[in-house]
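Undergrad: Provided herewith: entry-v6.cif, mmCIF, C-alpha atoms, pLDDT in the B column; chains and numbers go by the auth columns.
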```cif
data_input
loop_
_atom_site.group_PDB
_atom_site.id
_atom_site.type_symbol
_atom_site.label_atom_id
_atom_site.label_comp_id
_atom_site.label_asym_id
_atom_site.label_seq_id
_atom_site.Cartn_x
_atom_site.Cartn_y
_atom_site.Cartn_z
_atom_site.B_iso_or_equiv
_atom_site.auth_seq_id
_atom_site.auth_asym_id
ATOM 1 C CA MET A 1 83.866 107.770 105.251 83.00 110 G
ATOM 2 C CA LEU A 2 83.962 104.252 106.627 93.00 111 G
ATOM 3 C CA LYS A 3 81.303 101.714 105.802 95.00 112 G
ATOM 4 C CA LEU A 4 80.283 98.852 108.088 96.00 113 G
ATOM 5 C CA ARG A 5 78.446 95.978 106.408 94.00 114 G
ATOM 6 C CA LYS A 6 77.062 92.657 107.572 94.00 115 G
ATOM 7 C CA LEU A 7 78.583 89.524 106.095 91.00 116 G
ATOM 8 C CA GLN A 8 77.408 88.289 102.728 90.00 117 G
ATOM 9 C CA PRO A 9 77.847 84.817 101.208 88.00 118 G
ATOM 10 C CA THR A 10 80.495 86.240 98.856 89.00 119 G
ATOM 11 C CA ASP A 11 82.779 87.391 101.701 91.00 120 G
ATOM 12 C CA LEU A 12 84.954 84.266 101.807 91.00 121 G
ATOM 13 C CA PHE A 13 88.246 85.994 100.986 90.00 122 G
ATOM 14 C CA ALA A 14 87.533 88.877 103.373 90.00 123 G
ATOM 15 C CA MET A 15 86.806 86.390 106.159 89.00 124 G
ATOM 16 C CA LEU A 16 89.950 84.403 105.453 87.00 125 G
ATOM 17 C CA ARG A 17 92.016 87.589 105.468 87.00 126 G
ATOM 18 C CA ILE A 18 90.641 88.717 108.841 86.00 127 G
ATOM 19 C CA GLU A 19 90.563 85.325 110.552 87.00 128 G
ATOM 20 C CA ASN A 20 94.026 84.323 109.379 84.00 129 G
ATOM 21 C CA GLU A 21 95.799 87.559 110.313 85.00 130 G
ATOM 22 C CA PRO A 22 98.331 86.438 112.968 78.00 131 G
ATOM 23 C CA THR A 23 98.602 89.867 114.603 74.00 132 G
ATOM 24 C CA LEU A 24 94.894 89.718 115.434 79.00 133 G
ATOM 25 C CA TRP A 25 95.380 86.396 117.234 69.00 134 G
ATOM 26 C CA GLU A 26 97.780 88.048 119.678 68.00 135 G
ATOM 27 C CA GLU A 27 95.014 90.222 121.131 64.00 136 G
ATOM 28 C CA SER A 28 92.073 87.893 120.626 63.00 137 G
ATOM 29 C CA THR A 29 90.578 85.091 122.670 60.00 138 G
ATOM 30 C CA GLU A 30 90.138 83.165 119.399 63.00 139 G
ATOM 31 C CA HIS A 31 93.043 81.762 117.439 64.00 140 G
ATOM 32 C CA GLY A 32 93.256 80.582 113.835 68.00 141 G
ATOM 33 C CA PRO A 33 94.166 79.691 111.277 82.00 142 G
ATOM 34 C CA TYR A 34 90.841 78.794 109.753 84.00 143 G
ATOM 35 C CA SER A 35 90.455 76.736 106.613 89.00 144 G
ATOM 36 C CA THR A 36 88.526 77.691 103.516 90.00 145 G
ATOM 37 C CA GLU A 37 86.057 74.906 104.302 92.00 146 G
ATOM 38 C CA GLU A 38 85.449 76.265 107.828 90.00 147 G
ATOM 39 C CA MET A 39 84.802 79.753 106.482 90.00 148 G
ATOM 40 C CA ILE A 40 82.470 78.471 103.736 91.00 149 G
ATOM 41 C CA ALA A 41 80.494 76.566 106.384 91.00 150 G
ATOM 42 C CA PHE A 42 80.318 79.631 108.619 90.00 151 G
ATOM 43 C CA LEU A 43 79.179 81.907 105.793 92.00 152 G
ATOM 44 C CA SER A 44 76.536 79.422 104.679 92.00 153 G
ATOM 45 C CA GLN A 45 75.055 79.287 108.183 92.00 154 G
ATOM 46 C CA THR A 46 75.101 82.951 109.168 92.00 155 G
ATOM 47 C CA THR A 47 71.928 84.978 108.713 92.00 156 G
ATOM 48 C CA GLY A 48 73.356 88.339 109.786 90.00 157 G
ATOM 49 C CA GLN A 49 70.721 88.555 112.500 93.00 158 G
ATOM 50 C CA LEU A 50 71.897 88.929 116.089 94.00 159 G
ATOM 51 C CA ASP A 51 68.756 87.402 117.563 93.00 160 G
ATOM 52 C CA THR A 52 68.976 84.348 115.274 94.00 161 G
ATOM 53 C CA ASP A 53 72.715 83.665 115.221 94.00 162 G
ATOM 54 C CA GLY A 54 73.702 85.068 118.596 94.00 163 G
ATOM 55 C CA GLN A 55 76.439 86.975 116.781 95.00 164 G
ATOM 56 C CA VAL A 56 76.950 89.424 113.928 95.00 165 G
ATOM 57 C CA ARG A 57 80.119 90.360 112.086 94.00 166 G
ATOM 58 C CA LEU A 58 80.409 93.741 110.410 95.00 167 G
ATOM 59 C CA LEU A 59 83.178 94.181 107.868 95.00 168 G
ATOM 60 C CA ILE A 60 84.847 97.585 107.822 96.00 169 G
ATOM 61 C CA PHE A 61 85.526 99.140 104.417 95.00 170 G
ATOM 62 C CA ASN A 62 87.162 102.414 103.434 92.00 171 G
ATOM 63 C CA ASN A 63 84.034 103.698 101.670 86.00 172 G
ATOM 64 C CA ASP A 64 80.723 102.730 100.089 74.00 173 G
ATOM 65 C CA ALA A 65 82.524 101.199 97.114 77.00 174 G
ATOM 66 C CA GLU A 66 83.859 98.486 99.459 78.00 175 G
ATOM 67 C CA GLU A 67 87.170 98.544 97.619 80.00 176 G
ATOM 68 C CA GLU A 68 89.438 98.184 100.617 90.00 177 G
ATOM 69 C CA LEU A 69 88.869 95.892 103.614 92.00 178 G
ATOM 70 C CA LEU A 70 90.124 97.488 106.831 95.00 179 G
ATOM 71 C CA GLY A 71 88.927 95.071 109.512 93.00 180 G
ATOM 72 C CA ALA A 72 85.836 93.841 111.326 94.00 181 G
ATOM 73 C CA VAL A 73 83.603 94.517 114.312 97.00 182 G
ATOM 74 C CA ASP A 74 81.973 91.557 116.018 94.00 183 G
ATOM 75 C CA PHE A 75 78.965 91.331 118.280 97.00 184 G
ATOM 76 C CA VAL A 76 78.994 87.908 119.970 95.00 185 G
ATOM 77 C CA ASN A 77 77.617 86.092 123.020 95.00 186 G
ATOM 78 C CA TYR A 78 74.240 87.752 122.615 97.00 187 G
ATOM 79 C CA ASN A 79 72.067 87.424 125.713 96.00 188 G
ATOM 80 C CA PRO A 80 68.486 88.380 124.815 95.00 189 G
ATOM 81 C CA SER A 81 67.210 88.273 128.401 95.00 190 G
ATOM 82 C CA ARG A 82 69.765 90.922 129.389 94.00 191 G
ATOM 83 C CA SER A 83 69.737 92.698 126.023 95.00 192 G
ATOM 84 C CA GLN A 84 73.518 92.405 126.059 96.00 193 G
ATOM 85 C CA ALA A 85 76.314 91.314 123.727 97.00 194 G
ATOM 86 C CA GLU A 86 80.083 91.359 123.685 96.00 195 G
ATOM 87 C CA VAL A 87 81.764 93.626 121.143 97.00 196 G
ATOM 88 C CA SER A 88 85.248 93.424 119.656 94.00 197 G
ATOM 89 C CA ILE A 89 87.116 95.118 116.864 95.00 198 G
ATOM 90 C CA GLY A 90 90.043 93.976 114.764 92.00 199 G
ATOM 91 C CA LEU A 91 91.905 96.047 112.203 94.00 200 G
ATOM 92 C CA LEU A 92 94.392 94.797 109.663 93.00 201 G
ATOM 93 C CA PRO A 93 97.905 95.990 110.627 92.00 202 G
ATOM 94 C CA HIS A 94 98.230 98.814 108.076 92.00 203 G
ATOM 95 C CA TYR A 95 95.098 100.561 109.422 93.00 204 G
ATOM 96 C CA ARG A 96 95.914 100.662 113.130 91.00 205 G
ATOM 97 C CA ASN A 97 96.614 103.863 115.081 91.00 206 G
ATOM 98 C CA LYS A 98 94.974 106.074 112.441 94.00 207 G
ATOM 99 C CA GLY A 99 91.611 106.773 114.120 94.00 208 G
ATOM 100 C CA ILE A 100 89.839 104.118 112.051 96.00 209 G
ATOM 101 C CA GLY A 101 89.078 101.979 115.097 96.00 210 G
ATOM 102 C CA GLN A 102 87.323 104.865 116.826 97.00 211 G
ATOM 103 C CA GLN A 103 85.277 105.706 113.728 97.00 212 G
ATOM 104 C CA ALA A 104 84.273 102.080 113.181 97.00 213 G
ATOM 105 C CA LEU A 105 83.460 101.382 116.819 97.00 214 G
ATOM 106 C CA THR A 106 81.416 104.601 117.053 97.00 215 G
ATOM 107 C CA GLN A 107 79.333 103.476 114.062 97.00 216 G
ATOM 108 C CA ALA A 108 79.023 99.983 115.553 97.00 217 G
ATOM 109 C CA LEU A 109 77.783 101.405 118.874 97.00 218 G
ATOM 110 C CA ALA A 110 75.073 103.319 117.026 96.00 219 G
ATOM 111 C CA LEU A 111 73.975 100.079 115.339 95.00 220 G
ATOM 112 C CA ALA A 112 74.029 98.272 118.680 96.00 221 G
ATOM 113 C CA SER A 113 71.557 100.777 120.044 95.00 222 G
ATOM 114 C CA GLU A 114 69.413 101.572 117.005 94.00 223 G
ATOM 115 C CA GLU A 115 69.283 98.269 115.094 94.00 224 G
ATOM 116 C CA PHE A 116 70.077 95.591 117.666 95.00 225 G
ATOM 117 C CA HIS A 117 68.358 97.401 120.593 95.00 226 G
ATOM 118 C CA LEU A 118 71.070 96.410 123.052 97.00 227 G
ATOM 119 C CA ALA A 119 70.967 97.864 126.553 96.00 228 G
ATOM 120 C CA ARG A 120 74.586 97.047 127.371 96.00 229 G
ATOM 121 C CA LEU A 121 77.788 95.932 125.724 97.00 230 G
ATOM 122 C CA SER A 122 80.762 94.188 127.217 95.00 231 G
ATOM 123 C CA ALA A 123 84.307 93.761 125.963 94.00 232 G
ATOM 124 C CA HIS A 124 87.173 91.519 127.026 91.00 233 G
ATOM 125 C CA ILE A 125 90.532 93.188 126.495 90.00 234 G
ATOM 126 C CA ARG A 126 93.920 91.740 127.284 87.00 235 G
ATOM 127 C CA PRO A 127 95.949 93.799 129.805 87.00 236 G
ATOM 128 C CA ALA A 128 98.775 94.343 127.297 85.00 237 G
ATOM 129 C CA ASN A 129 96.392 95.774 124.675 88.00 238 G
ATOM 130 C CA THR A 130 96.549 99.361 125.905 90.00 239 G
ATOM 131 C CA HIS A 131 95.432 100.811 122.564 91.00 240 G
ATOM 132 C CA SER A 132 92.105 98.958 122.785 92.00 241 G
ATOM 133 C CA GLN A 133 91.705 99.828 126.456 94.00 242 G
ATOM 134 C CA LYS A 134 92.073 103.530 125.647 95.00 243 G
ATOM 135 C CA LEU A 135 89.707 103.269 122.680 96.00 244 G
ATOM 136 C CA PHE A 136 86.942 101.530 124.620 96.00 245 G
ATOM 137 C CA GLU A 137 87.326 103.869 127.598 96.00 246 G
ATOM 138 C CA LYS A 138 87.164 106.901 125.278 97.00 247 G
ATOM 139 C CA LEU A 139 83.826 105.580 123.975 97.00 248 G
ATOM 140 C CA GLY A 140 82.317 105.185 127.431 96.00 249 G
ATOM 141 C CA PHE A 141 83.229 101.646 128.453 96.00 250 G
ATOM 142 C CA ILE A 142 84.167 101.215 132.100 96.00 251 G
ATOM 143 C CA ARG A 143 86.649 98.623 133.299 93.00 252 G
ATOM 144 C CA LYS A 144 84.789 96.504 135.840 91.00 253 G
ATOM 145 C CA ALA A 145 86.910 93.455 136.652 86.00 254 G
ATOM 146 C CA THR A 146 89.253 90.813 135.350 80.00 255 G
ATOM 147 C CA THR A 147 87.956 87.597 133.866 67.00 256 G
ATOM 148 C CA ALA A 148 88.057 84.450 136.014 67.00 257 G
ATOM 149 C CA ASP A 149 91.347 83.346 134.493 67.00 258 G
ATOM 150 C CA SER A 150 92.770 86.894 134.852 64.00 259 G
ATOM 151 C CA ASP A 151 93.532 86.787 131.154 79.00 260 G
ATOM 152 C CA CYS A 152 91.423 89.820 130.206 84.00 261 G
ATOM 153 C CA TRP A 153 89.984 92.996 131.595 86.00 262 G
ATOM 154 C CA TYR A 154 86.178 93.063 131.532 89.00 263 G
ATOM 155 C CA TYR A 155 84.667 96.318 130.264 93.00 264 G
ATOM 156 C CA LEU A 156 80.999 97.318 130.305 94.00 265 G
ATOM 157 C CA LYS A 157 79.002 100.074 128.608 95.00 266 G
ATOM 158 C CA GLU A 158 75.396 100.912 129.385 95.00 267 G
ATOM 159 C CA MET A 159 73.756 102.047 126.163 92.00 268 G
ATOM 160 C CA THR A 160 71.539 105.119 126.129 76.00 269 G
ATOM 161 C CA LYS A 161 68.330 105.026 124.132 62.00 270 G
ATOM 162 C CA LYS A 162 67.911 107.661 121.441 51.00 271 G
#
```
Please rewrite the model in this file as structure tokens.
TA:
Amino acid sequence: MLKLRKLQPTDLFAMLRIENEPTLWEESTEHGPYSTEEMIAFLSQTTGQLDTDGQVRLLIFNNDAEEELLGAVDFVNYNPSRSQAEVSIGLLPHYRNKGIGQQALTQALALASEEFHLARLSAHIRPANTHSQKLFEKLGFIRKATTADSDCWYYLKEMTKK
């Protein structure tokens, strides 16, 4: 069973591992590497609250013991007036194409609805990232357009209230 957990001040090495994974840069709109000092500053400023920080990172672990870091799910660009945020997922290379992304994103979508009370989620996915396109579409995201620079597909999901 996967466990998703908000960042804690002690997550420096987990953050450095995720942020400095070159294969994640290939599919991301953000590019590292990030220094230890940058990550310490980020961790010291984050509250783990979407409405306060405008973003939340959830680390993905293999189980409740948090023994093995698998990746992260991010909610960013929070817009409270629209009750919307952008969601992304990144898995370390060894854990890709094993169904982990679907499990983690499914749990993250439940949190988006139940804890963050989001009405809609968006995602920006590069055209070459067909694995992510299929994953997001499988979970109800609809491709709406390309971004202004035509660098990414724009996906949207209307959340249903439980």
Undergrad: Rank G:Ala194, G:Leu201, G:Leu168, G:Met148 by their smallest atom-to-atom distance to Thr132 in chain G, using all atoms listed in the file, and report the top residue only.
TA: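 Going through G:Ala194, G:Leu201, G:Leu168, G:Met148 one by one, the smallest distance to Thr132 in chain G is for G:Leu201.
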Undergrad: Can you pull out every residue within 8 Å of Leu152 in chain G, counting all atoms listed in the file, but drop anything in the same chain fewer than 3 positions away, and send it as a PyMOL selection string?
TA: chain G and resi 116-118+120-121+148-149+155
Undergrad: What does the structure give for the distance between CA of Gln164 in chain G and CA of Ala232 in chain G, in Å to one decimal?
TA: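 Interatomic distance, CA of Gln164 in chain G to CA of Ala232 in chain G: 13.9 Å.
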Undergrad: Could you pull the residues within 10 Å of His233 in chain G, counting all atoms listed in the file, minus those fewer than 2 positions along the same chain, as a ChimeraX atom specification?
TA: /G:136-138,195-197,231,235-236,241-242,252,254-256,260-265
Undergrad: Name the closest residue to Arg205 in chain G among the candidates G:Arg126, G:Arg229, G:His240, G:Arg166; distances are taken between atoms, counting all atoms listed in the file.
TA: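 Closest candidate: G:His240.
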Undergrad: Need the shell around Glu146 in chain G: protein/DNA/RNA residues with any atom at most 12 Å away, counting only C-alpha atoms. Skip same-chain ones fewer than 3 positions apart. Format as a PyMOL selection string?
TA: chain G and resi 121-122+124-125+142-143+149-153
Undergrad: So, with all atoms listed in the file as the atoms that count, which of G:Asn171, G:Ile234, G:Leu214, G:His226 lies closest to Lys247 in chain G?
TA: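 Result for the nearest residue to Lys247 in chain G: G:Leu214.
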Undergrad: Using all atoms listed in the file, pick whichever of G:Met268, G:Val182, G:Leu248, G:Ala123 has the shortest atom-to-atom distance to Gly199 in chain G.
TA: G:Val182
Undergrad: Let me know the residues the PyMOL selection byres ((chain G and resi 204) around 12) catches in the file above, as a list in words.
TA: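 Evaluating the PyMOL selection byres ((chain G and resi 204) around 12) on these coordinates yields Ile169, Phe170, Asn171, Glu177, Leu178, Leu179, Gly180, Ala181, Gly199, Leu200, Leu201, Pro202, His203, Arg205, Asn206, Lys207, Gly208, Ile209, Gly210, Gln211, Gln212 and Ala213 of chain G.
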Undergrad: Save the residues we just selected, C-alpha atoms, as a PDB file, in the coordinates of the input?
TA:
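Produced file out-v4.pdb, reproduced below:
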```
ATOM      1  CA  ILE G 169      84.847  97.585 107.822  1.00 96.00           C
ATOM      2  CA  PHE G 170      85.526  99.140 104.417  1.00 95.00           C
ATOM      3  CA  ASN G 171      87.162 102.414 103.434  1.00 92.00           C
ATOM      4  CA  GLU G 177      89.438  98.184 100.617  1.00 90.00           C
ATOM      5  CA  LEU G 178      88.869  95.892 103.614  1.00 92.00           C
ATOM      6  CA  LEU G 179      90.124  97.488 106.831  1.00 95.00           C
ATOM      7  CA  GLY G 180      88.927  95.071 109.512  1.00 93.00           C
ATOM      8  CA  ALA G 181      85.836  93.841 111.326  1.00 94.00           C
ATOM      9  CA  GLY G 199      90.043  93.976 114.764  1.00 92.00           C
ATOM     10  CA  LEU G 200      91.905  96.047 112.203  1.00 94.00           C
ATOM     11  CA  LEU G 201      94.392  94.797 109.663  1.00 93.00           C
ATOM     12  CA  PRO G 202      97.905  95.990 110.627  1.00 92.00           C
ATOM     13  CA  HIS G 203      98.230  98.814 108.076  1.00 92.00           C
ATOM     14  CA  ARG G 205      95.914 100.662 113.130  1.00 91.00           C
ATOM     15  CA  ASN G 206      96.614 103.863 115.081  1.00 91.00           C
ATOM     16  CA  LYS G 207      94.974 106.074 112.441  1.00 94.00           C
ATOM     17  CA  GLY G 208      91.611 106.773 114.120  1.00 94.00           C
ATOM     18  CA  ILE G 209      89.839 104.118 112.051  1.00 96.00           C
ATOM     19  CA  GLY G 210      89.078 101.979 115.097  1.00 96.00           C
ATOM     20  CA  GLN G 211      87.323 104.865 116.826  1.00 97.00           C
ATOM     21  CA  GLN G 212      85.277 105.706 113.728  1.00 97.00           C
ATOM     22  CA  ALA G 213      84.273 102.080 113.181  1.00 97.00           C
TER      23      ALA G 213
END
```
Undergrad: Would you mind reading off the distance between CA of Lys266 in chain G and CA of Gly249 in chain G, one decimal, in Å?
TA: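 CA of Gly249 in chain G lies at a distance of 6.2 Å from CA of Lys266 in chain G.
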Undergrad: Would you please work out which residue, of G:Glu224, G:Thr145, G:Lys253, G:Pro189, is nearest to Gly157 in chain G when using only C-alpha atoms?
TA: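 For Gly157 in chain G, the nearest of the candidates is G:Glu224.
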Undergrad: Put a box with edges along x, y and z around all the listed atoms of range 154-164 of chain G, pad it by 4 Å on each side, then give me its centre and sizes in Å, one decimal, as lines of an AutoDock Vina configuration file.
TA:
```
center_x = 72.6
center_y = 84.1
center_z = 113.4
size_x = 15.7
size_y = 17.6
size_z = 18.4
```
Undergrad: With the PyMOL selection byres ((chain G and resi 159) around 12) as the selection, what would be picked from this file? Answer as a PyMOL selection string, please.
TA: chain G and resi 115+155-158+160-167+183-189+192-195+220-221+224-227
Undergrad: Pick from G:Ser190, G:Leu218, G:Glu223, G:Thr269: nearest to Phe245 in chain G, with all atoms listed in the file counted?
TA: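 Among the listed residues, the smallest separation from Phe245 in chain G belongs to G:Leu218.
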Undergrad: Just how far from CA of Leu113 in chain G is CA of Ala217 in chain G, in Å to one decimal?
TA: 7.7 Å
